[in-house]
$ cat upload-v5.txt   # compact mmCIF, C-alpha atoms
# COMPACT_ATOMS: atom_id res chain seq x y z
CA MET B 1157 -97.62 23.84 -45.57
CA ASP B 1158 -100.31 26.46 -46.08
CA PHE B 1159 -100.86 27.99 -42.64
CA VAL B 1160 -103.69 30.53 -42.59
CA TYR B 1161 -106.33 30.58 -39.84
CA PRO B 1162 -109.90 30.52 -41.15
CA PRO B 1163 -112.23 33.42 -40.19
CA GLU B 1164 -114.04 31.41 -37.49
CA ALA B 1165 -110.75 31.10 -35.58
CA ASP B 1166 -110.59 34.86 -35.01
CA SER B 1167 -114.05 35.09 -33.49
CA TYR B 1168 -113.39 32.11 -31.23
CA ARG B 1169 -110.02 33.57 -30.18
CA ALA B 1170 -111.81 36.77 -29.13
CA LYS B 1171 -114.26 34.68 -27.08
CA VAL B 1172 -111.42 32.84 -25.32
CA ARG B 1173 -109.54 36.04 -24.54
CA SER B 1174 -112.70 37.63 -23.16
CA PHE B 1175 -113.15 34.61 -20.87
CA LEU B 1176 -109.55 34.85 -19.67
CA ASP B 1177 -109.84 38.58 -18.99
CA ALA B 1178 -113.00 38.04 -16.97
CA ASN B 1179 -111.81 35.06 -14.92
CA LEU B 1180 -108.08 35.47 -14.25
CA PRO B 1181 -106.80 37.52 -11.30
CA LYS B 1182 -105.25 40.89 -12.02
CA ASN B 1183 -101.48 40.83 -12.64
CA TRP B 1184 -101.70 37.10 -13.44
CA LYS B 1185 -98.22 35.74 -14.26
CA GLY B 1186 -99.04 32.09 -14.92
CA ILE B 1187 -99.86 29.14 -12.71
CA GLY B 1188 -96.15 28.46 -12.23
CA SER B 1189 -95.93 31.61 -10.10
CA LEU B 1190 -98.13 29.97 -7.43
CA ASN B 1191 -96.83 27.58 -4.81
CA HIS B 1192 -97.77 23.92 -5.19
CA ALA B 1193 -100.75 23.97 -2.84
CA ASP B 1194 -102.21 27.14 -4.32
CA ALA B 1195 -101.66 25.85 -7.86
CA ALA B 1196 -103.56 22.62 -7.08
CA GLU B 1197 -106.44 24.60 -5.57
CA PHE B 1198 -106.52 26.99 -8.54
CA THR B 1199 -106.57 24.09 -10.99
CA GLU B 1200 -109.58 22.47 -9.34
CA GLU B 1201 -111.53 25.73 -9.34
CA TRP B 1202 -110.39 26.59 -12.87
CA ARG B 1203 -111.54 23.21 -14.18
CA VAL B 1204 -115.08 23.92 -12.96
CA LYS B 1205 -115.08 27.25 -14.81
CA LEU B 1206 -113.85 25.56 -17.98
CA ARG B 1207 -116.56 22.93 -17.78
CA ASP B 1208 -119.31 25.47 -17.10
CA ASN B 1209 -118.22 27.62 -20.07
CA ASP B 1210 -117.77 24.79 -22.63
CA PHE B 1211 -113.97 25.06 -22.68
CA LEU B 1212 -113.19 21.59 -21.34
CA ALA B 1213 -114.01 19.29 -24.27
CA VAL B 1214 -114.58 21.62 -27.19
CA THR B 1215 -114.59 18.97 -29.95
CA TRP B 1216 -116.95 16.54 -28.22
CA PRO B 1217 -120.51 16.47 -29.58
CA LYS B 1218 -123.02 18.54 -27.61
CA ALA B 1219 -125.04 15.40 -26.98
CA TYR B 1220 -122.27 14.16 -24.66
CA GLY B 1221 -121.53 17.46 -22.94
CA GLY B 1222 -118.99 18.93 -25.35
CA ALA B 1223 -119.08 22.21 -27.26
CA GLY B 1224 -119.52 20.56 -30.67
CA LEU B 1225 -116.71 22.59 -32.25
CA GLY B 1226 -113.86 21.61 -34.56
CA HIS B 1227 -110.13 21.05 -34.27
CA ILE B 1228 -109.40 24.66 -35.22
CA GLU B 1229 -111.22 25.95 -32.14
CA GLN B 1230 -109.46 23.33 -30.02
CA LEU B 1231 -106.08 24.54 -31.25
CA VAL B 1232 -106.96 28.22 -30.77
CA LEU B 1233 -107.99 27.43 -27.21
CA ALA B 1234 -104.74 25.56 -26.55
CA GLU B 1235 -102.74 28.48 -27.98
CA GLU B 1236 -104.44 31.11 -25.85
CA PHE B 1237 -104.23 29.02 -22.68
CA ALA B 1238 -100.53 28.37 -23.30
CA LYS B 1239 -99.89 32.10 -23.76
CA ALA B 1240 -101.88 32.94 -20.62
CA GLY B 1241 -100.15 30.27 -18.55
CA VAL B 1242 -103.32 28.46 -17.45
CA PRO B 1243 -104.08 24.74 -17.48
CA GLY B 1244 -106.49 23.26 -19.99
CA GLY B 1245 -108.02 21.03 -17.32
CA GLY B 1246 -107.13 18.89 -14.33
CA PRO B 1247 -104.12 16.55 -14.00
CA ASN B 1248 -106.07 13.53 -15.30
CA ASP B 1249 -107.96 15.26 -18.12
CA GLY B 1250 -105.28 14.56 -20.69
CA PHE B 1251 -106.11 10.88 -20.21
CA GLY B 1252 -109.86 11.15 -19.60
CA ILE B 1253 -110.76 13.81 -22.18
CA GLY B 1254 -107.92 14.02 -24.68
CA MET B 1255 -107.20 10.31 -24.96
CA LEU B 1256 -109.99 8.04 -23.69
CA GLY B 1257 -112.93 10.36 -24.36
CA ASN B 1258 -111.96 10.98 -27.97
CA THR B 1259 -111.35 7.26 -28.44
CA ILE B 1260 -114.78 6.30 -27.06
CA ILE B 1261 -116.36 8.87 -29.38
CA ALA B 1262 -114.49 7.29 -32.32
CA VAL B 1263 -114.99 3.57 -31.63
CA GLY B 1264 -117.10 3.16 -28.47
CA THR B 1265 -120.70 2.02 -28.22
CA GLU B 1266 -123.55 4.45 -27.72
CA GLU B 1267 -124.06 3.09 -24.20
CA GLN B 1268 -120.38 3.73 -23.38
CA LYS B 1269 -120.61 7.28 -24.71
CA LYS B 1270 -123.71 8.07 -22.66
CA HIS B 1271 -122.32 6.54 -19.48
CA PHE B 1272 -118.63 7.47 -19.42
CA LEU B 1273 -118.35 10.81 -21.22
CA PRO B 1274 -120.56 12.88 -18.86
CA ARG B 1275 -118.76 11.37 -15.86
CA VAL B 1276 -115.39 12.38 -17.31
CA LEU B 1277 -116.57 15.97 -17.77
CA SER B 1278 -118.08 16.18 -14.30
CA GLY B 1279 -114.82 14.94 -12.76
CA ASP B 1280 -116.52 11.96 -11.09
CA ASP B 1281 -114.37 9.58 -13.17
CA ARG B 1282 -110.66 10.41 -13.27
CA TRP B 1283 -108.67 8.22 -15.65
CA CYS B 1284 -105.13 6.99 -16.06
CA GLN B 1285 -103.47 4.80 -18.70
CA GLY B 1286 -102.59 1.12 -18.23
CA TYR B 1287 -100.29 0.34 -21.15
CA SER B 1288 -96.62 -0.16 -20.21
CA GLU B 1289 -95.37 -3.18 -18.28
CA PRO B 1290 -91.95 -4.11 -16.82
CA ALA B 1291 -91.30 -6.52 -19.71
CA ALA B 1292 -93.28 -4.60 -22.34
CA GLY B 1293 -92.57 -0.90 -22.38
CA SER B 1294 -91.38 0.11 -25.82
CA ASP B 1295 -92.64 -3.21 -27.24
CA LEU B 1296 -96.27 -2.68 -26.26
CA GLY B 1297 -97.42 -5.74 -28.20
CA ASN B 1298 -95.41 -7.91 -25.80
CA LEU B 1299 -97.62 -7.09 -22.81
CA GLY B 1300 -98.59 -9.95 -20.50
CA CYS B 1301 -101.30 -8.60 -18.17
CA ARG B 1302 -104.01 -11.25 -18.54
CA ALA B 1303 -107.82 -10.98 -18.63
CA VAL B 1304 -110.08 -14.04 -18.68
CA LEU B 1305 -113.84 -13.85 -19.22
CA ASP B 1306 -115.74 -15.43 -16.33
CA GLY B 1307 -119.47 -15.16 -16.98
CA ASP B 1308 -120.33 -11.47 -17.19
CA GLU B 1309 -116.94 -10.20 -15.97
CA TRP B 1310 -113.34 -10.08 -17.04
CA ILE B 1311 -110.89 -11.25 -14.35
CA ILE B 1312 -107.61 -9.32 -14.62
CA ASN B 1313 -104.20 -10.32 -13.27
CA GLY B 1314 -100.88 -8.65 -13.92
CA GLN B 1315 -98.97 -5.41 -13.56
CA LYS B 1316 -98.69 -2.02 -15.25
CA ILE B 1317 -95.88 0.49 -14.71
CA TRP B 1318 -95.09 4.17 -15.34
CA THR B 1319 -98.77 4.97 -14.79
CA SER B 1320 -98.83 8.78 -14.83
CA ALA B 1321 -101.25 10.38 -12.32
CA GLY B 1322 -102.40 6.91 -11.27
CA HIS B 1323 -102.39 7.98 -7.63
CA LEU B 1324 -105.00 10.64 -8.51
CA ALA B 1325 -107.22 8.40 -10.65
CA ASN B 1326 -110.19 6.20 -9.80
CA HIS B 1327 -110.41 4.51 -13.22
CA ILE B 1328 -107.84 3.04 -15.61
CA PHE B 1329 -108.07 1.94 -19.25
CA VAL B 1330 -106.12 -1.29 -19.56
CA LEU B 1331 -104.63 -3.22 -22.44
CA ALA B 1332 -104.86 -6.86 -21.43
CA ARG B 1333 -103.87 -10.17 -23.05
CA THR B 1334 -107.10 -12.08 -23.78
CA ALA B 1335 -105.92 -14.56 -26.45
CA PRO B 1336 -102.39 -15.86 -25.67
CA ASP B 1337 -102.48 -18.28 -28.64
CA GLU B 1338 -102.86 -15.41 -31.13
CA VAL B 1339 -100.03 -13.46 -32.76
CA LYS B 1340 -99.15 -11.01 -30.03
CA HIS B 1341 -100.76 -7.85 -31.48
CA ARG B 1342 -104.02 -9.70 -32.22
CA GLY B 1343 -104.73 -11.08 -28.75
CA ILE B 1344 -105.13 -7.79 -26.84
CA THR B 1345 -108.35 -6.23 -25.52
CA PHE B 1346 -109.00 -2.65 -24.36
CA LEU B 1347 -110.81 -2.67 -20.98
CA LEU B 1348 -112.30 0.09 -18.80
CA VAL B 1349 -111.58 -0.74 -15.16
CA ASP B 1350 -112.78 0.81 -11.90
CA MET B 1351 -109.79 1.15 -9.57
CA ARG B 1352 -111.95 1.38 -6.44
CA GLN B 1353 -111.90 -2.36 -5.73
CA PRO B 1354 -109.76 -4.68 -3.58
CA GLY B 1355 -108.00 -6.25 -6.57
CA VAL B 1356 -106.29 -3.02 -7.69
CA GLU B 1357 -103.21 -1.67 -5.87
CA VAL B 1358 -101.37 1.55 -6.78
CA ARG B 1359 -97.77 2.02 -5.64
CA PRO B 1360 -96.07 5.39 -6.29
CA ILE B 1361 -92.59 5.33 -7.88
CA LYS B 1362 -90.07 7.75 -6.40
CA MET B 1363 -88.27 9.56 -9.22
CA MET B 1364 -84.75 10.99 -9.03
CA SER B 1365 -86.30 14.47 -8.81
CA GLY B 1366 -87.99 13.44 -5.56
CA ASP B 1367 -91.51 13.51 -7.02
CA SER B 1368 -93.86 10.57 -7.55
CA GLU B 1369 -95.79 11.38 -10.71
CA PHE B 1370 -95.51 7.77 -11.92
CA ASN B 1371 -96.90 4.61 -10.35
CA GLU B 1372 -97.03 0.85 -10.52
CA VAL B 1373 -100.50 -0.70 -10.69
CA PHE B 1374 -101.07 -4.34 -9.67
CA PHE B 1375 -104.17 -6.38 -10.57
CA THR B 1376 -105.05 -9.43 -8.49
CA ASP B 1377 -108.33 -10.95 -9.67
CA ALA B 1378 -109.60 -7.45 -10.44
CA ARG B 1379 -112.99 -7.39 -12.14
CA CYS B 1380 -114.36 -5.55 -15.13
CA PRO B 1381 -117.88 -5.89 -16.64
CA LYS B 1382 -117.76 -7.59 -20.04
CA GLU B 1383 -119.54 -4.62 -21.64
CA ASN B 1384 -116.58 -2.40 -20.69
CA VAL B 1385 -114.61 -3.51 -23.75
CA VAL B 1386 -113.90 -0.64 -26.16
CA GLY B 1387 -113.83 -1.93 -29.72
CA GLU B 1388 -113.73 -5.67 -30.36
CA VAL B 1389 -112.53 -8.42 -28.02
CA ASN B 1390 -108.95 -9.19 -29.14
CA GLY B 1391 -109.08 -6.00 -31.24
CA GLY B 1392 -107.53 -3.71 -28.65
CA TRP B 1393 -104.42 -2.98 -30.67
CA MET B 1394 -106.38 -0.86 -33.15
CA VAL B 1395 -108.08 0.97 -30.27
CA ALA B 1396 -104.71 1.57 -28.64
CA MET B 1397 -103.31 3.11 -31.81
CA THR B 1398 -106.37 5.34 -32.15
CA LEU B 1399 -105.81 6.55 -28.61
CA LEU B 1400 -102.09 7.22 -29.15
CA GLY B 1401 -102.95 9.33 -32.20
CA ASN B 1402 -105.20 11.44 -29.97
CA GLU B 1403 -102.31 11.78 -27.50
CA ARG B 1404 -100.03 13.34 -30.12
CA GLY B 1405 -102.35 15.78 -31.94
CA ALA B 1406 -103.13 19.21 -30.51
CA GLY B 1407 -100.13 19.36 -28.18
CA ALA B 1408 -97.70 19.22 -31.10
CA ALA B 1409 -99.28 22.32 -32.59
CA VAL B 1410 -98.70 24.50 -29.52
CA ASN B 1411 -95.63 22.95 -27.88
CA SER B 1412 -93.38 25.71 -29.17
CA ILE B 1413 -95.21 28.32 -27.07
CA SER B 1414 -94.23 26.75 -23.76
CA PHE B 1415 -90.74 25.87 -24.98
CA ARG B 1416 -90.23 29.45 -26.22
CA GLY B 1417 -91.25 30.78 -22.81
CA GLU B 1418 -88.83 28.40 -21.12
CA LEU B 1419 -85.96 29.44 -23.42
CA ASP B 1420 -86.68 33.13 -22.80
CA LYS B 1421 -86.44 32.42 -19.08
CA LEU B 1422 -83.11 30.61 -19.57
CA THR B 1423 -81.75 33.52 -21.62
CA ALA B 1424 -82.69 35.87 -18.78
CA LEU B 1425 -80.82 33.60 -16.36
CA ALA B 1426 -77.73 33.67 -18.59
CA LYS B 1427 -77.88 37.50 -18.61
CA GLN B 1428 -78.25 37.53 -14.84
CA LYS B 1429 -75.14 35.34 -14.54
CA GLY B 1430 -73.21 37.55 -16.98
CA LEU B 1431 -72.77 34.67 -19.42
CA THR B 1432 -74.35 36.05 -22.59
CA SER B 1433 -70.92 37.38 -23.60
CA ASP B 1434 -69.45 33.86 -23.36
CA PRO B 1435 -69.19 32.67 -27.00
CA HIS B 1436 -69.79 29.03 -26.03
CA ILE B 1437 -72.98 29.84 -24.09
CA ARG B 1438 -74.17 32.21 -26.84
CA GLN B 1439 -73.67 29.50 -29.44
CA ARG B 1440 -75.71 27.01 -27.42
CA LEU B 1441 -78.49 29.54 -26.80
CA ALA B 1442 -78.60 30.31 -30.53
CA LYS B 1443 -78.82 26.59 -31.31
CA ALA B 1444 -81.69 26.26 -28.82
CA HIS B 1445 -83.44 29.22 -30.46
CA SER B 1446 -83.15 27.55 -33.86
CA LYS B 1447 -84.59 24.31 -32.54
CA VAL B 1448 -87.59 26.03 -30.94
CA GLU B 1449 -88.24 27.78 -34.27
CA ILE B 1450 -88.16 24.41 -36.03
CA MET B 1451 -90.59 23.15 -33.38
CA ARG B 1452 -92.87 26.09 -34.20
CA PHE B 1453 -92.90 25.19 -37.89
CA LEU B 1454 -93.53 21.53 -37.07
CA GLY B 1455 -96.53 22.82 -35.15
CA TYR B 1456 -97.69 24.78 -38.20
CA ARG B 1457 -97.51 21.56 -40.17
CA VAL B 1458 -99.85 19.90 -37.68
CA LEU B 1459 -102.17 22.91 -37.82
CA THR B 1460 -102.28 22.73 -41.61
CA ALA B 1461 -103.14 19.03 -41.46
CA PHE B 1462 -105.97 19.70 -39.02
CA MET B 1463 -107.34 22.45 -41.25
CA ASN B 1464 -107.33 20.03 -44.16
CA GLY B 1465 -109.33 17.53 -42.11
CA SER B 1466 -106.47 15.11 -41.46
CA GLN B 1467 -105.87 13.27 -38.19
CA PRO B 1468 -102.45 12.73 -36.58
CA GLY B 1469 -100.58 9.86 -38.19
CA ALA B 1470 -97.12 8.35 -38.04
CA ASP B 1471 -95.50 11.73 -38.76
CA ALA B 1472 -96.67 12.91 -35.32
CA SER B 1473 -93.66 10.95 -34.03
CA ILE B 1474 -91.39 13.59 -35.59
CA GLY B 1475 -92.66 16.25 -33.18
CA LYS B 1476 -92.40 14.00 -30.13
CA LEU B 1477 -88.85 12.98 -31.01
CA TRP B 1478 -87.86 16.58 -31.69
CA TRP B 1479 -89.11 18.22 -28.48
CA SER B 1480 -87.97 15.45 -26.13
CA GLU B 1481 -84.40 15.32 -27.46
CA TYR B 1482 -84.26 19.13 -27.56
CA HIS B 1483 -85.43 19.41 -23.96
CA LYS B 1484 -82.70 17.12 -22.73
CA GLU B 1485 -80.14 19.30 -24.49
CA VAL B 1486 -81.46 22.71 -23.38
CA THR B 1487 -81.79 21.70 -19.72
CA GLU B 1488 -78.18 20.53 -19.76
CA LEU B 1489 -77.36 24.06 -20.88
CA ALA B 1490 -79.42 25.40 -17.97
CA VAL B 1491 -77.38 23.40 -15.45
CA ASP B 1492 -74.15 24.63 -17.05
CA ILE B 1493 -75.38 28.22 -16.75
CA LEU B 1494 -76.24 27.65 -13.09
CA GLY B 1495 -72.75 26.31 -12.45
CA ALA B 1496 -72.08 25.59 -8.78
CA ASP B 1497 -75.60 26.76 -7.86
CA ALA B 1498 -76.91 23.54 -9.42
CA LEU B 1499 -75.14 21.51 -6.73
CA VAL B 1500 -77.28 22.97 -3.93
CA PRO B 1501 -80.66 23.82 -5.50
CA VAL B 1502 -82.65 26.53 -3.77
CA GLY B 1503 -86.23 27.66 -4.44
CA GLN B 1504 -89.44 26.08 -5.71
CA THR B 1505 -89.39 22.71 -7.43
CA PRO B 1506 -91.32 22.22 -10.72
CA HIS B 1507 -95.11 21.91 -10.73
CA THR B 1508 -95.03 19.08 -13.26
CA ALA B 1509 -92.72 16.26 -14.29
CA PHE B 1510 -93.67 16.54 -17.97
CA THR B 1511 -92.14 18.75 -20.71
CA THR B 1512 -91.55 22.33 -19.51
CA ASP B 1513 -92.56 23.57 -16.09
CA SER B 1514 -95.75 25.60 -15.79
CA PRO B 1515 -95.61 29.16 -17.22
CA GLY B 1516 -94.59 31.79 -14.70
CA SER B 1517 -92.38 29.43 -12.71
CA PRO B 1518 -89.48 31.02 -10.82
CA ASN B 1519 -86.08 31.36 -12.47
CA ASP B 1520 -84.19 29.67 -9.65
CA SER B 1521 -81.86 26.72 -9.26
CA ALA B 1522 -84.38 24.27 -7.72
CA ASN B 1523 -86.74 24.79 -10.62
CA TRP B 1524 -84.11 24.34 -13.31
CA VAL B 1525 -82.50 21.30 -11.68
CA GLY B 1526 -85.94 19.69 -11.32
CA VAL B 1527 -86.77 20.33 -14.98
CA PHE B 1528 -83.32 19.02 -15.96
CA LEU B 1529 -83.97 15.73 -14.15
CA ASN B 1530 -87.49 15.43 -15.56
CA ALA B 1531 -86.29 16.08 -19.13
CA ARG B 1532 -84.44 12.76 -19.14
CA ALA B 1533 -87.76 10.96 -18.82
CA GLY B 1534 -89.18 12.89 -21.79
CA THR B 1535 -87.19 10.68 -24.16
CA ILE B 1536 -88.88 7.62 -22.63
CA TYR B 1537 -92.50 8.37 -21.72
CA ALA B 1538 -95.16 8.52 -24.46
CA GLY B 1539 -92.85 6.48 -26.68
CA THR B 1540 -89.07 6.24 -26.45
CA SER B 1541 -86.85 8.11 -28.89
CA GLN B 1542 -85.69 4.78 -30.31
CA VAL B 1543 -89.28 3.76 -31.06
CA GLN B 1544 -90.08 7.17 -32.57
CA ARG B 1545 -87.06 6.89 -34.88
CA GLY B 1546 -88.27 3.46 -35.98
CA ILE B 1547 -91.76 4.80 -36.73
CA VAL B 1548 -90.39 7.75 -38.69
CA GLY B 1549 -87.98 5.56 -40.61
CA GLU B 1550 -90.44 2.83 -41.53
CA GLN B 1551 -93.80 4.61 -41.78
CA VAL B 1552 -92.81 8.13 -42.87
CA LEU B 1553 -89.60 7.65 -44.87
CA GLY B 1554 -90.49 4.19 -46.17
CA LEU B 1555 -87.25 2.56 -45.06
CA PRO B 1556 -87.13 -1.26 -44.75
CA LYS B 1557 -88.56 -2.66 -41.54
CA GLU B 1558 -86.23 -4.12 -38.98
CA PRO B 1559 -86.22 -7.94 -38.81
CA ARG B 1560 -88.51 -9.31 -36.10
CA ALA B 1561 -87.78 -12.50 -34.21
CA ASP B 1562 -90.98 -12.48 -32.15
CA GLY B 1563 -93.77 -12.37 -34.70
CA GLY B 1564 -95.44 -15.62 -33.61
CA PRO B 1565 -97.92 -16.33 -30.82
CA TRP B 1566 -97.38 -14.34 -27.65
CA LYS B 1567 -96.94 -17.43 -25.47
CA SER B 1568 -93.98 -18.56 -27.62
CA ILE B 1569 -91.99 -15.48 -26.60
CA PRO B 1570 -89.33 -16.30 -23.98
CA GLY B 1571 -90.64 -15.59 -20.51
CA HIS B 1572 -94.32 -15.95 -21.50
CA GLY B 1573 -94.71 -19.72 -21.78

$ encode --input "upload-v5.txt" --output "C-alpha cells"
Amino acid sequence: MDFVYPPEADSYRAKVRSFLDANLPKNWKGIGSLNHADAAEFTEEWRVKLRDNDFLAVTWPKAYGGAGLGHIEQLVLAEEFAKAGVPGGGPNDGFGIGMLGNTIIAVGTEEQKKHFLPRVLSGDDRWCQGYSEPAAGSDLGNLGCRAVLDGDEWIINGQKIWTSAGHLANHIFVLARTAPDEVKHRGITFLLVDMRQPGVEVRPIKMMSGDSEFNEVFFTDARCPKENVVGEVNGGWMVAMTLLGNERGAGAAVNSISFRGELDKLTALAKQKGLTSDPHIRQRLAKAHSKVEIMRFLGYRVLTAFMNGSQPGADASIGKLWWSEYHKEVTELAVDILGADALVPVGQTPHTAFTTDSPGSPNDSANWVGVFLNARAGTIYAGTSQVQRGIVGEQVLGLPKEPRADGGPWKSIPGHG
C-alpha cells in the first residue's frame, strides 16, 4: 500500500469544501440531526444542488451529464461529504448512478447511454435492483424469474425480493432467465424495466425495526422493449458482476469515516452512563476501535488501487465482510451499554436501514436499538457473509473451490423443472 494523494486531489478538495461552506446552513451538525420529514426534504433540495454543480456523477463523461473526472475526485468528494454529514444524492442514486449508470457506461450501447443517463441525473428515472429471489438469494445464478421474447418485447414473469428503495423507484434493472436449457449462469439476461405498468406490483416488507426499506416485486406479463437489454442476450451474468463491482468500490474507501463517527458517539454514551471505568466495557470499546482502524487501512488499500488505475475485484469482499460483521458486534455493545433503556426505546429512530445511521443522529435509545436491529441485515444484504468468505477463500486466497452439485442446466435443478 502506497497511500499518497496526488496534487489534483488537494485542489478538488478545496473546491468541495468551498461548496459545502456556501450551501450548508450555519451550525450544521449532519443530516441525522434533522427529523425524518425535514431530512427527506433536505435531501431532495440537496440533490438538485449537487446536480447543478457537477457533484452528482463526477466520473461520468461530460457528454452524458457527468463532470468527466477520475476516481480520485470521486473518493475525495465521498470523504468530504462523509465528514460533513451530507448525502451524496437521493435514496435511489446508489442504484441509478453508482451501479446502473456506471454499468451502462462500461457495457451499454450508445443509444442506452444517451437515453438513460440524462434521465438518471435529472431524477426522472429512479432505479432499484431486481436480483434476489426467494429461492435464489445468495445463489444468484439459481434465479428463476423468466423473460420470453415476443416480437419486439420481452414478457417477464416471476418475483424479486429484498428490493431496497423499490417503493421509491419507477424503474428496475432485472436479471431474468432467458435460456432455461443453458447452464444456469449462461442463461441470464440483464433487462431495464419500467415499473409504471400494470404487470409490476411492489409490496413493502415490514422489518423487525418497524421500517419498510425492502420490498417484494412481482412481474405478471410485464413488458420490456427488446432494445433494453444491457450487454448480450444470455450474457447478463457478466453484466451483473460488473455492476456488483461498482457497488463495492468507493464506499469501501470511506466507510471508516462513518463508522468512526458512530463509535465516537457510542463512547460518549458509555461515558454518560458511567461505564468507561468498567473493564469489560473498556475492553470491548478498545476492540471496536481496533476494528475501525483496520477498516480505515482497508480503505487505504482501495484508495491505492484506484490511484493505480485498478477496479474493484474479488478482494472488495474483504471490506464488505469486515464492516458488516463488525457492525453486528459493536451494536450489541451499544445495547449492553443502554441496559434496561434498550427495553423501552425512546427518541428518534434511524434515518436509514443500511450501515450506520446518518451523521449527527441523536445519541438516544431508539436510535441505537434501531441501528442494532438493522445491523443484523448487514451480514445478508449486498452479499451474505458466507458468500463473501467463499469469494475471499477461492478468488483471493486461492483455496480449492467447494464441490457443486448444481452445475448443469438450470431446469434440472430441483424445483425448476

$ residues_around --input "upload-v5.txt" --residues "segment 1314-1323 of chain B" --least-positions-apart "2" --cutoff "8 Å" --atoms "all atoms listed in the file" --output "PyMOL selection string"
chain B and resi 1247-1248+1283-1290+1300-1302+1312+1325-1326+1328+1358-1361+1369-1376

$ residues_around --input "upload-v5.txt" --residues "Glu1164 of chain B" --least-positions-apart "5" --cutoff "9 Å" --atoms "only C-alpha atoms" --output "ChimeraX atom specification"
/B:1169,1228-1229

$ residues_around --input "upload-v5.txt" --residues "segment 1256-1258 of chain B" --least-positions-apart "5" --cutoff "10 Å" --atoms "only C-alpha atoms" --output "JSON list (two decimals) with C-alpha atoms, keeping the file's coordinate frame"
[["chain", "number", "residue", "atom", "x", "y", "z"],
["B", 1213, "ALA", "CA", -114.01, 19.29, -24.27],
["B", 1215, "THR", "CA", -114.59, 18.97, -29.95],
["B", 1216, "TRP", "CA", -116.95, 16.54, -28.22],
["B", 1249, "ASP", "CA", -107.96, 15.26, -18.12],
["B", 1250, "GLY", "CA", -105.28, 14.56, -20.69],
["B", 1251, "PHE", "CA", -106.11, 10.88, -20.21],
["B", 1263, "VAL", "CA", -114.99, 3.57, -31.63],
["B", 1264, "GLY", "CA", -117.10, 3.16, -28.47],
["B", 1269, "LYS", "CA", -120.61, 7.28, -24.71],
["B", 1272, "PHE", "CA", -118.63, 7.47, -19.42],
["B", 1273, "LEU", "CA", -118.35, 10.81, -21.22],
["B", 1274, "PRO", "CA", -120.56, 12.88, -18.86],
["B", 1276, "VAL", "CA", -115.39, 12.38, -17.31],
["B", 1277, "LEU", "CA", -116.57, 15.97, -17.77],
["B", 1283, "TRP", "CA", -108.67, 8.22, -15.65],
["B", 1284, "CYS", "CA", -105.13, 6.99, -16.06],
["B", 1285, "GLN", "CA", -103.47, 4.80, -18.70],
["B", 1328, "ILE", "CA", -107.84, 3.04, -15.61],
["B", 1329, "PHE", "CA", -108.07, 1.94, -19.25],
["B", 1348, "LEU", "CA", -112.30, 0.09, -18.80],
["B", 1386, "VAL", "CA", -113.90, -0.64, -26.16],
["B", 1395, "VAL", "CA", -108.08, 0.97, -30.27],
["B", 1396, "ALA", "CA", -104.71, 1.57, -28.64],
["B", 1398, "THR", "CA", -106.37, 5.34, -32.15],
["B", 1399, "LEU", "CA", -105.81, 6.55, -28.61],
["B", 1400, "LEU", "CA", -102.09, 7.22, -29.15],
["B", 1402, "ASN", "CA", -105.20, 11.44, -29.97],
["B", 1403, "GLU", "CA", -102.31, 11.78, -27.50]]

$ closest_atom_pairs --input "upload-v5.txt" --of "segment 1159-1211 of chain B" --to "segment 1493-1511 of chain B" --cutoff "12 Å" --atoms "all atoms listed in the file" --output "Markdown table"
| residue | atom | partner | partner_atom | distance |
| --- | --- | --- | --- | --- |
| B:Gly1186 | CA | B:His1507 | CA | 11.7 |
| B:Ile1187 | CA | B:His1507 | CA | 8.9 |
| B:Gly1188 | CA | B:His1507 | CA | 6.8 |
| B:Ser1189 | CA | B:Gln1504 | CA | 9.6 |
| B:Leu1190 | CA | B:His1507 | CA | 9.2 |
| B:Asn1191 | CA | B:Gln1504 | CA | 7.6 |
| B:His1192 | CA | B:His1507 | CA | 6.5 |
| B:Ala1193 | CA | B:His1507 | CA | 9.9 |
| B:Asp1194 | CA | B:His1507 | CA | 10.9 |
| B:Ala1195 | CA | B:His1507 | CA | 8.2 |
| B:Ala1196 | CA | B:His1507 | CA | 9.2 |
| B:Thr1199 | CA | B:His1507 | CA | 11.7 |

$ atom_distance --input "upload-v5.txt" --atom1 "atom CA of Val1410 of chain B" --atom2 "atom CA of Ala1262 of chain B"
23.5 Å

$ closest_residue --input "upload-v5.txt" --among "B:Ser1174, B:Asn1390, B:Asn1519, B:Ser1514" --to "Ala1426 of chain B" --atoms "all atoms listed in the file"
B:Asn1519

$ atom_distance --input "upload-v5.txt" --atom1 "atom CA of Ile1260 of chain B" --atom2 "atom CA of Gly1221 of chain B"
13.7 Å

$ residues_around --input "upload-v5.txt" --residues "Ser1412 of chain B" --least-positions-apart "2" --cutoff "9 Å" --atoms "only C-alpha atoms" --output "list in words"
Ala1408, Ala1409, Val1410, Ser1414, Phe1415, Arg1416, Gly1417, Val1448, Glu1449, Ile1450, Met1451, Arg1452, Phe1453, Leu1454, Gly1455 and Trp1479 of chain B

$ write_last_selection --input "upload-v5.txt" --atoms "C-alpha atoms" --output "compact mmCIF listing (two decimals), in the coordinates of the input"
# COMPACT_ATOMS: atom_id res chain seq x y z
CA ALA B 1408 -97.70 19.22 -31.10
CA ALA B 1409 -99.28 22.32 -32.59
CA VAL B 1410 -98.70 24.50 -29.52
CA SER B 1414 -94.23 26.75 -23.76
CA PHE B 1415 -90.74 25.87 -24.98
CA ARG B 1416 -90.23 29.45 -26.22
CA GLY B 1417 -91.25 30.78 -22.81
CA VAL B 1448 -87.59 26.03 -30.94
CA GLU B 1449 -88.24 27.78 -34.27
CA ILE B 1450 -88.16 24.41 -36.03
CA MET B 1451 -90.59 23.15 -33.38
CA ARG B 1452 -92.87 26.09 -34.20
CA PHE B 1453 -92.90 25.19 -37.89
CA LEU B 1454 -93.53 21.53 -37.07
CA GLY B 1455 -96.53 22.82 -35.15
CA TRP B 1479 -89.11 18.22 -28.48

$ closest_residue --input "upload-v5.txt" --among "B:Leu1419, B:Ile1547, B:Val1527, B:Val1389" --to "His1445 of chain B" --atoms "all atoms listed in the file"
B:Leu1419

$ residues_around --input "upload-v5.txt" --residues "Lys1382 of chain B" --least-positions-apart "2" --cutoff "9 Å" --atoms "only C-alpha atoms" --output "short mmCIF file (atom, residue, chain, number, x, y, z; two decimals) with C-alpha atoms, in the frame of the given file"
data_model
loop_
_atom_site.label_atom_id
_atom_site.label_comp_id
_atom_site.auth_asym_id
_atom_site.auth_seq_id
_atom_site.Cartn_x
_atom_site.Cartn_y
_atom_site.Cartn_z
CA LEU B 1305 -113.84 -13.85 -19.22
CA ASP B 1306 -115.74 -15.43 -16.33
CA GLY B 1307 -119.47 -15.16 -16.98
CA ASP B 1308 -120.33 -11.47 -17.19
CA GLU B 1309 -116.94 -10.20 -15.97
CA TRP B 1310 -113.34 -10.08 -17.04
CA LEU B 1347 -110.81 -2.67 -20.98
CA CYS B 1380 -114.36 -5.55 -15.13
CA ASN B 1384 -116.58 -2.40 -20.69
CA VAL B 1385 -114.61 -3.51 -23.75
#
